[in-house]
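File shown: target.tsv (TSV, C-alpha atoms).
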```
chain	number	residue	atom	x	y	z
E	1	MET	CA	-40.27	15.26	-6.50
E	2	THR	CA	-37.67	13.93	-4.06
E	3	THR	CA	-38.43	13.24	-0.48
E	4	GLU	CA	-35.61	14.22	1.82
E	5	VAL	CA	-35.24	12.14	4.94
E	6	LYS	CA	-33.62	14.19	7.67
E	7	PRO	CA	-30.81	12.24	9.34
E	8	SER	CA	-31.57	11.17	12.90
E	9	PRO	CA	-29.58	12.56	15.86
E	10	ARG	CA	-27.72	9.25	15.96
E	11	GLU	CA	-26.78	9.49	12.28
E	12	ARG	CA	-25.75	13.13	12.68
E	13	LEU	CA	-23.50	12.25	15.64
E	14	LEU	CA	-21.87	9.37	13.73
E	15	GLU	CA	-21.25	11.65	10.75
E	16	ALA	CA	-19.83	14.46	12.92
E	17	ALA	CA	-17.54	12.04	14.76
E	18	ALA	CA	-16.24	10.54	11.50
E	19	THR	CA	-15.67	13.92	9.84
E	20	LEU	CA	-14.21	15.81	12.79
E	21	THR	CA	-11.90	13.10	14.10
E	22	TYR	CA	-10.56	12.53	10.59
E	23	ARG	CA	-9.88	16.25	10.16
E	24	ASP	CA	-8.83	17.22	13.68
E	25	GLY	CA	-7.94	14.00	15.50
E	26	VAL	CA	-9.46	11.91	18.28
E	27	GLY	CA	-8.87	14.70	20.81
E	28	ILE	CA	-11.93	16.53	19.48
E	29	GLY	CA	-14.24	17.44	22.38
E	30	VAL	CA	-17.78	16.28	23.09
E	31	GLU	CA	-18.97	19.92	22.89
E	32	ALA	CA	-17.63	20.29	19.36
E	33	LEU	CA	-19.10	16.96	18.26
E	34	CYS	CA	-22.55	17.79	19.66
E	35	LYS	CA	-22.46	21.27	18.17
E	36	ALA	CA	-21.52	19.98	14.71
E	37	ALA	CA	-24.26	17.35	14.91
E	38	GLY	CA	-26.85	19.78	16.29
E	39	VAL	CA	-27.55	17.43	19.19
E	40	SER	CA	-27.55	18.18	22.92
E	41	LYS	CA	-25.00	16.54	25.18
E	42	ARG	CA	-27.87	14.99	27.09
E	43	SER	CA	-29.15	13.34	23.88
E	44	MET	CA	-25.67	12.20	22.98
E	45	TYR	CA	-25.27	10.41	26.29
E	46	GLN	CA	-28.69	8.81	25.82
E	47	LEU	CA	-27.55	7.42	22.47
E	48	PHE	CA	-23.93	6.52	23.31
E	49	GLU	CA	-22.44	5.46	26.60
E	50	SER	CA	-19.38	7.66	26.07
E	51	LYS	CA	-17.42	9.60	23.47
E	52	ASP	CA	-15.23	6.49	23.12
E	53	GLU	CA	-18.26	4.43	22.14
E	54	LEU	CA	-19.42	7.10	19.68
E	55	LEU	CA	-15.99	7.10	18.09
E	56	ALA	CA	-15.96	3.31	17.81
E	57	ALA	CA	-19.48	3.28	16.34
E	58	SER	CA	-18.58	5.96	13.79
E	59	LEU	CA	-15.58	3.95	12.58
E	60	LYS	CA	-17.70	0.82	12.32
E	61	GLU	CA	-20.41	2.68	10.42
E	62	ARG	CA	-17.87	3.83	7.84
E	63	SER	CA	-16.40	0.38	7.31
E	64	ALA	CA	-18.85	-0.69	4.58
E	65	ALA	CA	-18.03	2.44	2.54
E	66	PHE	CA	-14.30	1.89	3.18
E	67	VAL	CA	-14.48	-1.67	1.88
E	68	ALA	CA	-16.67	-0.71	-1.10
E	69	SER	CA	-14.29	2.10	-2.05
E	70	LEU	CA	-11.28	-0.24	-2.15
E	71	LEU	CA	-12.24	-3.81	-2.96
E	72	PRO	CA	-13.25	-5.09	-6.41
E	73	PRO	CA	-16.68	-6.72	-6.74
E	74	ALA	CA	-16.67	-10.42	-5.84
E	75	ASP	CA	-16.03	-12.72	-8.82
E	76	ASP	CA	-15.51	-9.88	-11.30
E	77	GLY	CA	-13.67	-12.24	-13.64
E	78	ARG	CA	-10.31	-10.59	-13.16
E	79	SER	CA	-7.22	-12.43	-11.98
E	80	ALA	CA	-6.21	-12.36	-8.32
E	81	ARG	CA	-3.24	-10.21	-9.30
E	82	GLU	CA	-5.49	-7.66	-11.00
E	83	ARG	CA	-7.88	-7.66	-8.04
E	84	ILE	CA	-5.02	-6.84	-5.66
E	85	LEU	CA	-3.74	-4.11	-7.98
E	86	HIS	CA	-7.29	-2.68	-8.06
E	87	VAL	CA	-7.10	-1.93	-4.31
E	88	PHE	CA	-3.89	0.03	-4.75
E	89	GLU	CA	-5.24	1.94	-7.75
E	90	GLN	CA	-8.09	3.01	-5.48
E	91	VAL	CA	-5.64	4.11	-2.76
E	92	GLN	CA	-3.72	6.22	-5.24
E	93	SER	CA	-6.90	7.76	-6.59
E	94	GLN	CA	-8.22	8.53	-3.06
E	95	ALA	CA	-4.85	10.01	-2.05
E	96	GLY	CA	-5.27	12.62	-4.79
E	97	ALA	CA	-8.24	14.23	-3.04
E	98	PRO	CA	-7.36	17.48	-1.22
E	99	GLU	CA	-9.08	16.37	1.99
E	100	PHE	CA	-7.15	13.06	2.12
E	101	ARG	CA	-5.38	12.57	5.46
E	102	GLY	CA	-4.41	8.92	5.12
E	103	CYS	CA	-6.19	5.81	6.38
E	104	ARG	CA	-8.61	6.82	9.15
E	105	TYR	CA	-8.24	3.45	10.84
E	106	LEU	CA	-4.47	3.65	11.05
E	107	ALA	CA	-4.64	7.27	12.24
E	108	VAL	CA	-7.07	6.44	15.06
E	109	GLN	CA	-4.84	3.64	16.33
E	110	ILE	CA	-1.73	5.83	16.22
E	111	GLU	CA	-3.51	8.74	17.90
E	112	LEU	CA	-5.18	6.73	20.66
E	113	LYS	CA	-1.95	4.87	21.55
E	114	ASP	CA	-4.14	2.33	23.32
E	115	GLN	CA	-4.92	-0.80	21.38
E	116	THR	CA	-7.56	-1.84	23.94
E	117	HIS	CA	-9.65	1.31	23.29
E	118	PRO	CA	-13.03	0.38	21.69
E	119	ALA	CA	-12.21	2.50	18.61
E	120	SER	CA	-8.78	0.87	18.25
E	121	ARG	CA	-10.39	-2.55	18.34
E	122	VAL	CA	-12.83	-1.61	15.58
E	123	ALA	CA	-10.00	-0.14	13.49
E	124	HIS	CA	-7.87	-3.23	14.04
E	125	GLN	CA	-10.67	-5.53	12.90
E	126	ILE	CA	-11.40	-3.56	9.74
E	127	LYS	CA	-7.73	-3.66	8.69
E	128	ALA	CA	-7.52	-7.36	9.59
E	129	ASN	CA	-10.41	-7.92	7.16
E	130	LEU	CA	-8.47	-6.13	4.42
E	131	THR	CA	-5.42	-8.28	5.19
E	132	ALA	CA	-7.66	-11.36	4.93
E	133	PHE	CA	-8.79	-10.20	1.47
E	134	PHE	CA	-5.14	-9.90	0.39
E	135	ARG	CA	-4.39	-13.34	1.81
E	136	SER	CA	-7.30	-14.97	0.06
E	137	GLU	CA	-6.36	-13.41	-3.30
E	138	ALA	CA	-2.70	-14.34	-2.74
E	139	GLU	CA	-3.73	-17.95	-2.25
E	140	GLN	CA	-6.03	-17.82	-5.28
E	141	GLY	CA	-3.17	-16.46	-7.39
E	142	GLY	CA	-0.78	-19.20	-6.28
E	143	ALA	CA	1.56	-16.98	-4.24
E	144	SER	CA	4.52	-18.94	-2.88
E	145	ASP	CA	3.79	-17.68	0.66
E	146	PRO	CA	0.29	-16.17	0.89
E	147	ASP	CA	0.71	-15.15	4.55
E	148	LEU	CA	3.89	-13.23	3.84
E	149	LEU	CA	2.44	-11.56	0.75
E	150	ALA	CA	-0.68	-10.46	2.66
E	151	ARG	CA	1.50	-8.92	5.40
E	152	GLN	CA	3.61	-7.17	2.76
E	153	LEU	CA	0.57	-5.77	0.99
E	154	ILE	CA	-1.04	-4.35	4.13
E	155	LEU	CA	2.34	-2.86	5.08
E	156	VAL	CA	2.47	-1.11	1.69
E	157	PHE	CA	-1.17	-0.07	2.11
E	158	ASP	CA	-0.48	1.55	5.48
E	159	GLY	CA	2.86	3.04	4.41
E	160	ALA	CA	1.39	4.54	1.25
E	161	SER	CA	-1.71	5.88	2.99
E	162	ALA	CA	0.36	7.37	5.80
E	163	ARG	CA	2.90	9.05	3.53
E	164	ALA	CA	0.22	10.45	1.24
E	165	GLY	CA	-1.79	11.56	4.28
E	166	ILE	CA	1.10	13.63	5.65
E	167	GLN	CA	1.79	14.94	2.12
E	168	ALA	CA	5.26	13.41	2.06
E	169	ASP	CA	4.52	11.61	-1.24
E	170	ASP	CA	1.75	11.78	-3.84
E	171	LEU	CA	2.20	8.07	-4.73
E	172	THR	CA	2.45	8.80	-8.47
E	173	GLY	CA	4.61	6.16	-10.11
E	174	LEU	CA	5.34	4.60	-6.71
E	175	ILE	CA	2.63	2.27	-5.58
E	176	ALA	CA	2.10	0.18	-8.76
E	177	PRO	CA	5.79	-0.83	-9.21
E	178	THR	CA	6.11	-1.50	-5.47
E	179	VAL	CA	3.15	-3.86	-5.39
E	180	ALA	CA	4.20	-5.46	-8.71
E	181	ALA	CA	7.69	-6.18	-7.32
E	182	LEU	CA	6.17	-7.94	-4.30
E	183	LEU	CA	3.69	-9.90	-6.43
E	184	ASP	CA	6.52	-10.95	-8.76
E	185	ALA	CA	8.73	-11.99	-5.84
E	186	ALA	CA	5.85	-14.18	-4.63
E	187	ASP	CA	5.46	-15.75	-8.11
E	188	MET	CA	1.91	-14.45	-8.16
E	189	ARG	CA	-0.02	-15.00	-11.36
M	1	MET	CA	34.04	9.37	41.94
M	2	THR	CA	31.55	10.44	39.28
M	3	THR	CA	30.27	13.94	38.97
M	4	GLU	CA	26.62	14.07	38.10
M	5	VAL	CA	25.57	17.05	36.06
M	6	LYS	CA	21.93	17.88	36.76
M	7	PRO	CA	20.04	18.49	33.51
M	8	SER	CA	19.03	22.11	32.97
M	9	PRO	CA	15.35	23.16	32.94
M	10	ARG	CA	15.63	23.38	29.16
M	11	GLU	CA	16.97	19.82	28.90
M	12	ARG	CA	14.31	18.54	31.30
M	13	LEU	CA	11.55	20.17	29.24
M	14	LEU	CA	12.91	18.71	25.98
M	15	GLU	CA	13.08	15.27	27.57
M	16	ALA	CA	9.57	15.50	29.04
M	17	ALA	CA	8.14	16.67	25.70
M	18	ALA	CA	9.84	13.83	23.82
M	19	THR	CA	8.78	11.17	26.32
M	20	LEU	CA	5.23	12.30	26.99
M	21	THR	CA	4.22	13.11	23.41
M	22	TYR	CA	5.58	9.75	22.26
M	23	ARG	CA	3.60	7.95	24.94
M	24	ASP	CA	0.43	10.05	25.09
M	25	GLY	CA	0.32	12.11	21.90
M	26	VAL	CA	0.77	15.76	20.97
M	27	GLY	CA	-2.40	16.72	22.86
M	28	ILE	CA	-0.45	16.51	26.14
M	29	GLY	CA	-0.99	19.72	28.13
M	30	VAL	CA	1.56	22.36	29.16
M	31	GLU	CA	0.74	21.65	32.83
M	32	ALA	CA	1.65	17.99	32.46
M	33	LEU	CA	4.86	18.79	30.57
M	34	CYS	CA	5.99	21.33	33.18
M	35	LYS	CA	5.09	18.99	36.02
M	36	ALA	CA	7.06	16.10	34.51
M	37	ALA	CA	10.04	18.38	33.88
M	38	GLY	CA	9.84	20.00	37.34
M	39	VAL	CA	9.79	23.44	35.73
M	40	SER	CA	7.31	26.29	36.28
M	41	LYS	CA	5.10	27.44	33.43
M	42	ARG	CA	6.70	30.86	33.72
M	43	SER	CA	10.15	29.33	33.18
M	44	MET	CA	8.88	27.29	30.28
M	45	TYR	CA	7.58	30.38	28.51
M	46	GLN	CA	10.90	32.10	29.15
M	47	LEU	CA	12.70	29.22	27.41
M	48	PHE	CA	10.23	28.47	24.61
M	49	GLU	CA	7.86	30.79	22.81
M	50	SER	CA	5.06	28.22	22.90
M	51	LYS	CA	4.29	24.55	23.43
M	52	ASP	CA	4.51	24.15	19.64
M	53	GLU	CA	8.09	25.44	19.69
M	54	LEU	CA	8.98	23.14	22.61
M	55	LEU	CA	7.57	20.19	20.69
M	56	ALA	CA	9.53	21.10	17.56
M	57	ALA	CA	12.73	21.57	19.56
M	58	SER	CA	12.31	18.23	21.32
M	59	LEU	CA	11.93	16.42	17.98
M	60	LYS	CA	14.99	18.18	16.61
M	61	GLU	CA	17.00	17.34	19.70
M	62	ARG	CA	16.19	13.64	19.27
M	63	SER	CA	17.16	13.56	15.61
M	64	ALA	CA	20.87	12.81	16.18
M	65	ALA	CA	19.98	9.79	18.33
M	66	PHE	CA	17.38	8.70	15.77
M	67	VAL	CA	19.92	8.80	12.95
M	68	ALA	CA	22.61	7.10	15.05
M	69	SER	CA	20.23	4.31	16.04
M	70	LEU	CA	19.37	3.52	12.42
M	71	LEU	CA	22.17	4.38	10.03
M	72	PRO	CA	25.41	2.42	9.61
M	73	PRO	CA	28.68	4.29	10.22
M	74	ALA	CA	29.92	6.16	7.15
M	75	ASP	CA	32.26	4.11	4.94
M	76	ASP	CA	31.97	0.95	7.05
M	77	GLY	CA	33.17	-1.13	4.13
M	78	ARG	CA	29.86	-2.85	3.56
M	79	SER	CA	27.99	-2.80	0.27
M	80	ALA	CA	25.21	-0.29	-0.31
M	81	ARG	CA	22.74	-3.17	-0.21
M	82	GLU	CA	24.00	-4.27	3.21
M	83	ARG	CA	23.94	-0.70	4.48
M	84	ILE	CA	20.28	-0.35	3.50
M	85	LEU	CA	19.42	-3.71	5.08
M	86	HIS	CA	21.17	-2.51	8.25
M	87	VAL	CA	18.57	0.25	8.69
M	88	PHE	CA	15.72	-2.25	8.50
M	89	GLU	CA	17.42	-4.66	10.90
M	90	GLN	CA	17.53	-1.75	13.35
M	91	VAL	CA	13.83	-1.01	12.80
M	92	GLN	CA	12.94	-4.62	13.51
M	93	SER	CA	15.09	-4.68	16.62
M	94	GLN	CA	13.62	-1.39	17.92
M	95	ALA	CA	10.10	-2.61	17.22
M	96	GLY	CA	10.69	-5.45	19.66
M	97	ALA	CA	10.92	-3.09	22.64
M	98	PRO	CA	7.74	-3.02	24.77
M	99	GLU	CA	7.62	0.79	24.78
M	100	PHE	CA	7.83	0.99	20.96
M	101	ARG	CA	4.97	3.04	19.48
M	102	GLY	CA	6.28	3.42	15.92
M	103	CYS	CA	8.22	6.26	14.34
M	104	ARG	CA	7.80	9.38	16.47
M	105	TYR	CA	8.20	11.64	13.45
M	106	LEU	CA	5.44	9.95	11.48
M	107	ALA	CA	3.16	9.91	14.54
M	108	VAL	CA	3.60	13.64	15.17
M	109	GLN	CA	2.72	14.48	11.58
M	110	ILE	CA	-0.35	12.24	11.62
M	111	GLU	CA	-1.50	13.59	14.98
M	112	LEU	CA	-0.99	17.27	14.23
M	113	LYS	CA	-2.77	17.03	10.83
M	114	ASP	CA	-1.10	20.32	9.95
M	115	GLN	CA	2.03	20.04	7.86
M	116	THR	CA	2.85	23.73	8.44
M	117	HIS	CA	3.14	23.22	12.24
M	118	PRO	CA	6.75	23.79	13.41
M	119	ALA	CA	6.94	20.22	14.75
M	120	SER	CA	5.60	18.79	11.47
M	121	ARG	CA	8.26	20.69	9.57
M	122	VAL	CA	11.02	19.28	11.78
M	123	ALA	CA	9.59	15.75	11.43
M	124	HIS	CA	9.31	16.14	7.66
M	125	GLN	CA	12.96	17.25	7.38
M	126	ILE	CA	14.30	14.38	9.48
M	127	LYS	CA	12.46	11.80	7.35
M	128	ALA	CA	13.57	13.58	4.16
M	129	ASN	CA	17.16	13.12	5.38
M	130	LEU	CA	16.55	9.39	5.82
M	131	THR	CA	15.09	9.23	2.30
M	132	ALA	CA	18.22	11.03	1.03
M	133	PHE	CA	20.37	8.36	2.70
M	134	PHE	CA	18.39	5.63	0.92
M	135	ARG	CA	18.71	7.50	-2.37
M	136	SER	CA	22.44	7.93	-2.04
M	137	GLU	CA	22.97	4.24	-1.21
M	138	ALA	CA	20.65	3.24	-4.05
M	139	GLU	CA	22.79	5.24	-6.47
M	140	GLN	CA	25.96	3.79	-4.98
M	141	GLY	CA	24.59	0.27	-5.44
M	142	GLY	CA	23.69	0.88	-9.06
M	143	ALA	CA	19.90	0.78	-8.61
M	144	SER	CA	18.06	1.11	-11.91
M	145	ASP	CA	15.94	3.97	-10.55
M	146	PRO	CA	17.44	5.37	-7.32
M	147	ASP	CA	14.60	7.89	-6.82
M	148	LEU	CA	11.96	5.19	-7.02
M	149	LEU	CA	13.88	2.83	-4.76
M	150	ALA	CA	14.37	5.55	-2.12
M	151	ARG	CA	10.63	6.31	-2.14
M	152	GLN	CA	9.85	2.59	-1.85
M	153	LEU	CA	12.23	2.14	1.08
M	154	ILE	CA	10.87	5.06	3.08
M	155	LEU	CA	7.35	3.78	2.39
M	156	VAL	CA	8.35	0.40	3.82
M	157	PHE	CA	10.06	2.16	6.74
M	158	ASP	CA	6.91	4.10	7.61
M	159	GLY	CA	4.58	1.18	6.97
M	160	ALA	CA	6.64	-1.19	9.10
M	161	SER	CA	7.09	1.32	11.94
M	162	ALA	CA	3.40	2.18	11.92
M	163	ARG	CA	2.18	-1.41	11.92
M	164	ALA	CA	4.60	-2.45	14.64
M	165	GLY	CA	3.71	0.69	16.63
M	166	ILE	CA	0.01	-0.22	16.68
M	167	GLN	CA	0.92	-3.85	17.45
M	168	ALA	CA	-0.65	-5.09	14.21
M	169	ASP	CA	2.57	-6.89	13.21
M	170	ASP	CA	5.82	-7.76	14.97
M	171	LEU	CA	7.79	-7.59	11.68
M	172	THR	CA	9.39	-11.01	12.21
M	173	GLY	CA	10.12	-12.58	8.85
M	174	LEU	CA	8.45	-9.66	7.09
M	175	ILE	CA	10.74	-6.71	6.67
M	176	ALA	CA	13.89	-8.43	5.31
M	177	PRO	CA	12.15	-10.26	2.42
M	178	THR	CA	10.13	-7.13	1.58
M	179	VAL	CA	13.21	-4.93	1.33
M	180	ALA	CA	15.13	-7.68	-0.52
M	181	ALA	CA	12.35	-7.98	-3.11
M	182	LEU	CA	12.50	-4.22	-3.77
M	183	LEU	CA	16.31	-4.20	-3.94
M	184	ASP	CA	16.22	-7.14	-6.35
M	185	ALA	CA	13.58	-5.47	-8.53
M	186	ALA	CA	15.88	-2.43	-8.74
M	187	ASP	CA	18.87	-4.63	-9.73
M	188	MET	CA	20.64	-3.39	-6.65
M	189	ARG	CA	24.01	-4.97	-5.94
```
Would you mind giving the structure from this file in C-alpha cells?
Amino acid sequence: MTTEVKPSPRERLLEAAATLTYRDGVGIGVEALCKAAGVSKRSMYQLFESKDELLAASLKERSAAFVASLLPPADDGRSARERILHVFEQVQSQAGAPEFRGCRYLAVQIELKDQTHPASRVAHQIKANLTAFFRSEAEQGGASDPDLLARQLILVFDGASARAGIQADDLTGLIAPTVAALLDAADMR
Amino acid sequence: MTTEVKPSPRERLLEAAATLTYRDGVGIGVEALCKAAGVSKRSMYQLFESKDELLAASLKERSAAFVASLLPPADDGRSARERILHVFEQVQSQAGAPEFRGCRYLAVQIELKDQTHPASRVAHQIKANLTAFFRSEAEQGGASDPDLLARQLILVFDGASARAGIQADDLTGLIAPTVAALLDAADMR
C-alpha cells in the first residue's frame, strides 16, 4: 500500500509556475497560475509576496533537479574531460524530448529583459554554478586556460540549448565534436 | 537645405514594433505600439491584419540592416576564414552597446515559444540565411565538413549573442579563440 502525500498549496504553486512559464513564458498571468495550482489568489499572496517572487522561488526549487540531470556524480572516477562531455551528452538527450524548449534559466533572463528581476538573479546564479563546475573540471584536466574554457563551454551550453529549444537544430552529431574541439584546443586531458 | 520626409504610419509602426519588442518583449500591447507610433488602432488594423503580422513585418524589415551589420561585402578579397571572423568581430562590437539585448531573432523565437507563428518563421529564415553564409564560406575555405562547421558557427553566434544579451559575458577574449578553435578543427584555411 502506498501513501500519497498531497502536495501543499505552496508546492502546487511552484510546480504550476515552473511548468507554465516554461511552456508559455513569464507573461503568464496570476489567474492562470492560481487556477492551474488550484489555489486562490488570496492564498497565493499569503505564500508569496508577488508573482515575481513566486517565479524566482520556482526557478530556485528546480535547480537541484537541473543540476542532478546534468552533472556527473562527484568523484565518479572518470577523467575531467569525460565529466565535461557527460554534461553535453545529457543536454543532447534532454533536447530530444518533445516538450524541450531550451534552458529555462536562459529563457527567463531573455524574456524578462531585466537582469535585476528576482527571477533573473536566481537564473544567473544557477548558470554561474554550472560555469564554476566547468572551470573546476577544466583546472583538474590541466586546461591551458581554465577560465576561457569554462566560458566557452557555457557559451556552447546556452547556444545548443537555445537552438534545440527553438527547433533550429536537433544537436545530433553537433555538440560532441564542438566540445571536443574546444577541449583539444585547451590541451585538456 | 534638407528636405525631411516624415515616415509614413506604416514605417512608424514597423519602427515601434522593432524597438519596443526588442526592449520589452513580444508581449507588448497593441495600445503601446500604436501610441509609440502615433497611429490609431483603426489605422493599424487597416495596415496590418494583426499584431502578429506587424511583428513579422517589422522583423523582416530589419533583416537587410541585420545582414549588412554582420556580413562582409561580397568578394572583398579576404579569405573565407577572415570573412567568417569578420561576422564575429561585428557581434562582439555590437554586444558592447549599452542597449544590446542579444539577437532579436533568437529572442523572438524563444519568447513566442511557437515556431509556427509568422514572426518565428521570419526569424527562422533570417538565421537560416546566416547559416547558409557560414556554410558557403566553409566550403570556400576547404573545411573538412562544411555542414558541421556552419552548424557550429551559428551555435556560437546564438550562444554568444544570448550570453552578452543577458549580461552574463561581455565576449572580450572569448569569441575569437572559440571560432578559431572550430575553424582549426575543420582544417579551414
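Every protein, DNA or RNA residue with an atom at most 12 Å from Ala132 (chain E), where all atoms listed in the file count and chain neighbours fewer than 4 positions away do not, is listed here: E:Leu71, E:Ile84, E:Gln125, E:Ile126, E:Lys127, E:Ala128, E:Ser136, E:Glu137, E:Ala138, E:Glu139, E:Pro146, E:Asp147, E:Leu148, E:Leu149, E:Ala150, E:Arg151, E:Leu153, E:Ile154.
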| query | Which residue out of M:Arg189, M:His117, M:Arg101, M:Arg42 has the minimum interatomic distance to chain E when all atoms listed in the file are used? | reply | M:Arg101
All residues 7 Å or closer to region 59-68 of chain E, all atoms listed in the file, same chain fewer than 3 positions away omitted, as an mmCIF file with C-alpha atoms, in the coordinates of the input:
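Once written, out.cif looks like this:
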```
data_model
loop_
_atom_site.group_PDB
_atom_site.id
_atom_site.type_symbol
_atom_site.label_atom_id
_atom_site.label_comp_id
_atom_site.auth_asym_id
_atom_site.auth_seq_id
_atom_site.Cartn_x
_atom_site.Cartn_y
_atom_site.Cartn_z
ATOM 1 C CA ALA E 18 -16.240 10.540 11.500
ATOM 2 C CA LEU E 55 -15.990 7.100 18.090
ATOM 3 C CA ALA E 56 -15.960 3.310 17.810
ATOM 4 C CA LEU E 71 -12.240 -3.810 -2.960
ATOM 5 C CA VAL E 122 -12.830 -1.610 15.580
ATOM 6 C CA ALA E 123 -10.000 -0.140 13.490
ATOM 7 C CA ILE E 126 -11.400 -3.560 9.740
#
```
| field | Distance in Å - CA of Cys34 (chain M) versus CA of Leu13 (chain M) | value | 6.9 Å
| Interface residues on chain M facing chain E, 10 Å, only C-alpha atoms, written as an MDAnalysis selection string | chainID M and resid 22:27 101:102 106:115 120 124 127:128 147:149 151:169 171 173:175 177:186
